[in-house]
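Beneath this line is the structure, given in structure tokens, with notes to follow.
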Amino acid sequence: MDRANALGESRPARHDGGVTDAVPGPSHSLPLILARELAANLATPMFLLDGRGMLVFFNDAAALLIGKTFGEVGEIQGSDFHKHLSLTTVDGRPVRPRESAAGIAFFQQRPAHKRVIAQPYAGVRRVVDATAYPLFGANGEMDGVVSVFWEHTDEEPVA
Amino acid sequence: MQVRVWGCRGSVATSGPDTARYGGNTSCVEVRLESGDVIVLDAGTGMRPLGVSMHHDSPSEINIFLTHLHLDHLQGLGFFRPLYDPSRVIHLWGPSSPVQSLADRIAMYLSPPLFPVHLEEVPSQLTFHDAPETPITIGSATVRATRVTHQGPTVGYRIEEHGRSFVYIPDHEPSLGADLRTQPTEWMSGHAIARDADVLLHDSQYRDHEYAQHLGWGHACIADTLAFADKAAVEHLVLFHHDPYHDDEELDMLLGDARAAWPGMEERVCLAFDGMTITLDQGGVSVSEPAS
């Protein structure tokens with residue numbers, strides 16, 4: 001069964017309809033909790049989407065990139081993330097949510113890697129390599145997505 | 001519901017006079033429901049005397065909920081008398097794994113050469129189930145599991161009956177990589193089942209000064225256990241999974257630490273001991289005291 005999600009689109013079910021319509025509980029799943037704790041202890045920008053496609057956390061390193069803390073942004077729909085950080089391809093085309101590394105990880109439930117230009121609403125453009133992968137809990141359901149941004153260094157080609 | 005602690009020692013069983021007051025059997029807790037049904041939480045060495053007590057006094061169907069499969073939570077299963085009674089129906093519940101069935105994982109211990117009898121050969125009627133992450137009904141109660149931070153797949157359980165709630169999280173390191181005092185509750189491992197519990201049995205293996213040497217081992221120190229219980233707004237906290245290196249005297253000091261750190265809540269925190277009984281009913285909660 002497909003379902004609407006916070007990215008404003010639907011994604012396919014995994015296995016035999018394993019994506020449930022569970023009402024969001026008061027707590028996040030353990031894989032997501034552990035991912036958040038990892039993120040909170042990293043100096044690398046890291047973002048977390050939950051199983052509904054909500055952006056539920058980013059760390060302080062990501063806050064430096066965006067120019068706002070997670071407390072200031074709060075939980076938002078993944079599709080609204082571009083309001084805080086626009087992503088374009090290296091040749092200047094906008095990256096739609098479904099085409100971003102996180103979008104691919106969420107919708108296609110597979111790891112993805114993209115080189116993009118990230119620009120906050122009022123801030124410096126940076127070339128970043130975005131790596132995203134889905135988190136599957138022990139019950140086989142996707143609990144969310146981890147997305148990590150690696151700032152591109154001058155020594156590497158941008159193409 | 002009536003709760004009885006048959007084992008509250010962590011890691012490995014202890015014996016001898018130094019640990020006699022709080023007891024040396026590893027994790028095993030019996031919960032008797034108003035409906036007459038029996039729930040057993042974990043299968044540590046406390047399960048042996050529990051099985052003896054059940055020989056003439058238990059229903060034919062028993063539900064055993066395992067939090068995880070570390071040996072201190074499993075070692076008593078092979079010595080549980082009802083396991084060898086062909087008239088018994090025994091349901092074993094435990095955390096799911098994408099790799100191996102619960103039966104196969106338990107059989108790694110309950111089979112030669114580690115154990116003389118293979119799990120497939122026990123005469124009772126055994127069935128295996130994944131720990132229920134949505135509430136299920138057992139007699140007059142509901143039981144729900146949630147995954148918690150420990151080494152390997154591990155769950156805690158919440159049992160509710162007639163508006164009373166008993167929560168069992170014997171092995172838990174809720175503060176791994178996080179400061180519980182500032183952590184939003186929705187990001188706290190175990191909070192989903194512990195919230196507003198009447199009674200919480202929780203890991204308290206380490207005194208605070210011992211924790212730094214055991215970071216990441218999957219267990220809690222007193223300060224973290226109190227912070228967790230405080231944020232979950234539990235009514236009664238029972239400190240559980242005593243370190244095998246803590247004798248009775250040191251456990252008394254640990255309780256002193258806890259009560260000093262939880263002003264106003266001194267009467268609501270206590271140490272588990274073998275033989276402890278906890279009653280949760282319409283009249284409230286009553287907890288027995290250890291022999292002095």
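Chain labels run A, B, ... following the order of the structure tokens; each chain numbers its residues from 1, and ligands are numbered from 1 in the order shown.
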Exercise for the section: Define the interface residues of chain A facing chain B as those within 10 Å, counting only C-alpha atoms, and report them as a PyMOL selection string. Expected result: chain A and resi 22+25-34+36-41+137-140
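Between CA of Phe115 in chain B and CA of Trp217 in chain B the separation is 26.7 Å.
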Practice task
Using only C-alpha atoms, determine which residues lie at most 12 Å from range 63-76 of chain A, disregarding the query and same-chain residues fewer than 5 positions distant; provide the list as a PyMOL selection string.
Solution key: (chain A and resi 5-8+39-40+43-50+52-58+81-87+117-128+148-151) or (chain B and resi 184)
Those same residues, written as a JSON list (two decimals), in the first residue's frame with C-alpha atoms?
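The new file part-v3.json reads:
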[["chain", "number", "residue", "atom", "x", "y", "z"],
["A", 5, "ASN", "CA", 4.23, 11.31, 3.13],
["A", 6, "ALA", "CA", 5.77, 14.51, 4.21],
["A", 7, "LEU", "CA", 7.72, 14.87, 0.99],
["A", 8, "GLY", "CA", 4.33, 15.41, -0.61],
["A", 39, "ALA", "CA", 24.91, 12.79, 14.32],
["A", 40, "ALA", "CA", 25.02, 14.88, 17.48],
["A", 43, "ALA", "CA", 31.63, 17.32, 13.01],
["A", 44, "THR", "CA", 30.22, 16.32, 9.61],
["A", 45, "PRO", "CA", 26.84, 17.77, 8.54],
["A", 46, "MET", "CA", 24.19, 15.08, 8.98],
["A", 47, "PHE", "CA", 20.42, 15.17, 8.44],
["A", 48, "LEU", "CA", 17.74, 12.69, 9.46],
["A", 49, "LEU", "CA", 14.40, 12.01, 7.83],
["A", 50, "ASP", "CA", 11.92, 9.79, 9.64],
["A", 52, "ARG", "CA", 7.22, 9.65, 6.98],
["A", 53, "GLY", "CA", 9.74, 11.85, 5.22],
["A", 54, "MET", "CA", 9.84, 14.52, 7.91],
["A", 55, "LEU", "CA", 13.18, 16.20, 8.56],
["A", 56, "VAL", "CA", 13.44, 15.39, 12.26],
["A", 57, "PHE", "CA", 17.02, 16.40, 13.04],
["A", 58, "PHE", "CA", 20.21, 17.93, 11.78],
["A", 81, "PHE", "CA", 13.85, 21.82, 3.20],
["A", 82, "HIS", "CA", 14.70, 23.84, 0.07],
["A", 83, "LYS", "CA", 13.33, 26.91, 1.86],
["A", 84, "HIS", "CA", 16.37, 26.71, 4.12],
["A", 85, "LEU", "CA", 18.96, 25.20, 1.81],
["A", 86, "SER", "CA", 18.57, 25.18, -1.95],
["A", 87, "LEU", "CA", 20.26, 22.40, -3.88],
["A", 117, "ILE", "CA", 25.75, 22.96, -4.88],
["A", 118, "ALA", "CA", 24.16, 23.84, -1.55],
["A", 119, "GLN", "CA", 23.18, 27.41, -0.81],
["A", 120, "PRO", "CA", 21.40, 28.60, 2.29],
["A", 121, "TYR", "CA", 18.76, 31.32, 2.08],
["A", 122, "ALA", "CA", 21.36, 33.91, 3.05],
["A", 123, "GLY", "CA", 24.77, 32.35, 2.90],
["A", 124, "VAL", "CA", 27.69, 30.98, 1.00],
["A", 125, "ARG", "CA", 27.38, 28.50, -1.88],
["A", 126, "ARG", "CA", 29.25, 25.31, -1.27],
["A", 127, "VAL", "CA", 29.90, 22.31, -3.46],
["A", 128, "VAL", "CA", 29.07, 19.24, -1.42],
["A", 148, "VAL", "CA", 25.55, 13.26, 5.16],
["A", 149, "PHE", "CA", 27.09, 16.26, 3.38],
["A", 150, "TRP", "CA", 30.79, 16.21, 2.64],
["A", 151, "GLU", "CA", 32.13, 19.60, 1.63],
["B", 184, "PRO", "CA", 13.85, 15.71, 24.28]]
Practice task
Would you mind telling me which residue in B:Leu71, B:Ile64, B:Val89, B:Met54 lies nearest to Thr26 in chain B when using only C-alpha atoms?
Solution key: B:Leu71
Practice task
Excluding Ala233 in chain B and any residue of its chain fewer than 6 positions from it, enumerate the residues within 9 Å of it, using only C-alpha atoms, and give them as a list in words.
Solution key: Ala194, Arg195, Asp196 and Ala197 of chain B
With C-alpha atoms retained, write the just-selected residues as a PDB file, in the first residue's frame.
ATOM      1  CA  ALA B 194       8.261   3.932  30.490  1.00  0.00           C
ATOM      2  CA  ARG B 195       6.200   7.099  30.381  1.00  0.00           C
ATOM      3  CA  ASP B 196       3.941   7.549  33.428  1.00  0.00           C
ATOM      4  CA  ALA B 197       4.580   4.001  34.650  1.00  0.00           C
TER       5      ALA B 197
END
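You will find CA of Asp247 in chain B at 28.2 Å from CA of Phe65 in chain B.
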With only C-alpha atoms as the counted atoms, please give the residues lying no more than 8 Å from Phe106 in chain A, apart from itself and same-chain residues fewer than 2 positions off, as a PDB file with C-alpha atoms, in the first residue's frame.
ATOM      1  CA  ARG A  11       6.730   5.881  -2.025  1.00  0.00           C
ATOM      2  CA  GLY A  53       9.741  11.850   5.217  1.00  0.00           C
ATOM      3  CA  ALA A 102      17.974  11.818   0.446  1.00  0.00           C
ATOM      4  CA  GLY A 103      14.984  11.668  -1.899  1.00  0.00           C
ATOM      5  CA  ILE A 104      16.407   8.668  -3.720  1.00  0.00           C
ATOM      6  CA  GLN A 108      13.734   4.147  -3.869  1.00  0.00           C
ATOM      7  CA  GLN A 109      14.937   2.754  -0.543  1.00  0.00           C
ATOM      8  CA  ARG A 110      18.534   2.488  -1.663  1.00  0.00           C
ATOM      9  CA  TYR A 133      21.010   5.755   2.846  1.00  0.00           C
ATOM     10  CA  PRO A 134      17.812   4.302   4.274  1.00  0.00           C
ATOM     11  CA  GLY A 144      14.118   6.822   8.096  1.00  0.00           C
ATOM     12  CA  VAL A 145      17.005   8.165   6.056  1.00  0.00           C
TER      13      VAL A 145
END
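Each of B:Asp42, B:Glu160, B:Asp230, B:Glu34 was compared to Thr67 in chain B using only C-alpha atoms, and B:Asp42 turns out to be the nearest.
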Handout entry: Per-residue DSSP, range 104-171 of chain B, filtered to strand (DSSP E), as a PyMOL selection string
Key = chain B and resi 125-130+136-138+141-147+155-161+164-169
Those residues with N, CA and C atoms, as a CSV table (one decimal), in the first residue's frame please?
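Output contents, as saved in out.csv:
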chain,number,residue,atom,x,y,z
B,125,GLN,N,4.9,-27.9,25.0
B,125,GLN,CA,4.4,-27.4,23.7
B,125,GLN,C,4.9,-26.0,23.6
B,126,LEU,N,6.1,-25.8,22.9
B,126,LEU,CA,6.7,-24.5,22.7
B,126,LEU,C,6.3,-23.8,21.5
B,127,THR,N,6.0,-22.5,21.6
B,127,THR,CA,5.8,-21.7,20.4
B,127,THR,C,6.6,-20.4,20.6
B,128,PHE,N,7.1,-19.9,19.4
B,128,PHE,CA,8.0,-18.7,19.5
B,128,PHE,C,7.3,-17.6,18.8
B,129,HIS,N,7.5,-16.4,19.3
B,129,HIS,CA,6.9,-15.2,18.8
B,129,HIS,C,7.9,-14.0,18.8
B,130,ASP,N,7.7,-13.1,17.9
B,130,ASP,CA,8.5,-11.8,18.0
B,130,ASP,C,7.9,-11.0,19.1
B,136,ILE,N,-0.5,-6.4,22.8
B,136,ILE,CA,-1.2,-7.7,22.7
B,136,ILE,C,-1.9,-7.9,24.0
B,137,THR,N,-2.9,-8.7,24.0
B,137,THR,CA,-3.6,-9.0,25.2
B,137,THR,C,-3.2,-10.4,25.7
B,138,ILE,N,-2.9,-10.4,27.0
B,138,ILE,CA,-2.6,-11.7,27.7
B,138,ILE,C,-3.6,-11.7,28.9
B,141,ALA,N,-4.4,-8.4,30.9
B,141,ALA,CA,-3.4,-7.4,30.7
B,141,ALA,C,-3.1,-7.2,29.2
B,142,THR,N,-2.4,-6.1,29.0
B,142,THR,CA,-1.8,-5.9,27.6
B,142,THR,C,-0.3,-5.8,27.8
B,143,VAL,N,0.4,-6.3,26.8
B,143,VAL,CA,1.9,-6.3,26.9
B,143,VAL,C,2.4,-5.6,25.6
B,144,ARG,N,3.3,-4.8,25.7
B,144,ARG,CA,3.9,-4.1,24.6
B,144,ARG,C,5.4,-4.0,24.8
B,145,ALA,N,6.1,-4.2,23.7
B,145,ALA,CA,7.6,-4.1,23.7
B,145,ALA,C,8.1,-2.9,22.9
B,146,THR,N,9.3,-2.4,23.3
B,146,THR,CA,9.9,-1.5,22.4
B,146,THR,C,11.4,-1.7,22.5
B,147,ARG,N,12.1,-1.4,21.4
B,147,ARG,CA,13.5,-1.7,21.4
B,147,ARG,C,14.3,-0.6,22.2
B,155,VAL,N,14.8,-5.5,23.9
B,155,VAL,CA,13.6,-4.8,24.1
B,155,VAL,C,13.3,-4.6,25.6
B,156,GLY,N,12.4,-3.6,25.9
B,156,GLY,CA,11.8,-3.5,27.3
B,156,GLY,C,10.3,-3.8,27.1
B,157,TYR,N,9.6,-4.1,28.2
B,157,TYR,CA,8.2,-4.5,28.2
B,157,TYR,C,7.4,-3.6,29.1
B,158,ARG,N,6.2,-3.3,28.7
B,158,ARG,CA,5.2,-2.6,29.5
B,158,ARG,C,4.0,-3.5,29.6
B,159,ILE,N,3.6,-3.7,30.8
B,159,ILE,CA,2.4,-4.5,31.1
B,159,ILE,C,1.4,-3.6,31.8
B,160,GLU,N,0.2,-3.6,31.3
B,160,GLU,CA,-0.9,-2.8,31.8
B,160,GLU,C,-2.1,-3.6,32.2
B,161,GLU,N,-2.6,-3.4,33.4
B,161,GLU,CA,-3.8,-4.1,33.8
B,161,GLU,C,-4.6,-3.2,34.6
B,164,ARG,N,-3.2,0.2,35.7
B,164,ARG,CA,-1.9,0.2,36.4
B,164,ARG,C,-0.8,-0.3,35.4
B,165,SER,N,0.3,0.2,35.5
B,165,SER,CA,1.4,-0.1,34.5
B,165,SER,C,2.7,-0.5,35.2
B,166,PHE,N,3.2,-1.6,34.7
B,166,PHE,CA,4.5,-2.1,35.2
B,166,PHE,C,5.5,-2.2,34.0
B,167,VAL,N,6.6,-1.6,34.2
B,167,VAL,CA,7.6,-1.5,33.0
B,167,VAL,C,8.9,-2.2,33.4
B,168,TYR,N,9.4,-3.0,32.5
B,168,TYR,CA,10.6,-3.8,32.8
B,168,TYR,C,11.6,-3.5,31.7
B,169,ILE,N,12.7,-2.8,32.1
B,169,ILE,CA,13.8,-2.5,31.2
B,169,ILE,C,15.1,-2.8,32.0
Exercise for the section: List the neighbours of His70 in chain B out to 12 Å using only C-alpha atoms; skip same-chain residues closer than 3 positions along the sequence, and give me the result as an MDAnalysis selection string. Expected result: chainID B and resid 10:12 26:27 42:44 66:67 73:76 94:95 105:106 108:109 150:154 170:171 218
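Separating CA of Leu180 in chain B from CA of Pro132 in chain B is a distance of 26.3 Å.
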Practice task
Would you please give, as a count of residues only, all residues of range 92-261 of chain B that DSSP assigns to alpha helix (DSSP H) based on the backbone?
Solution key: 39
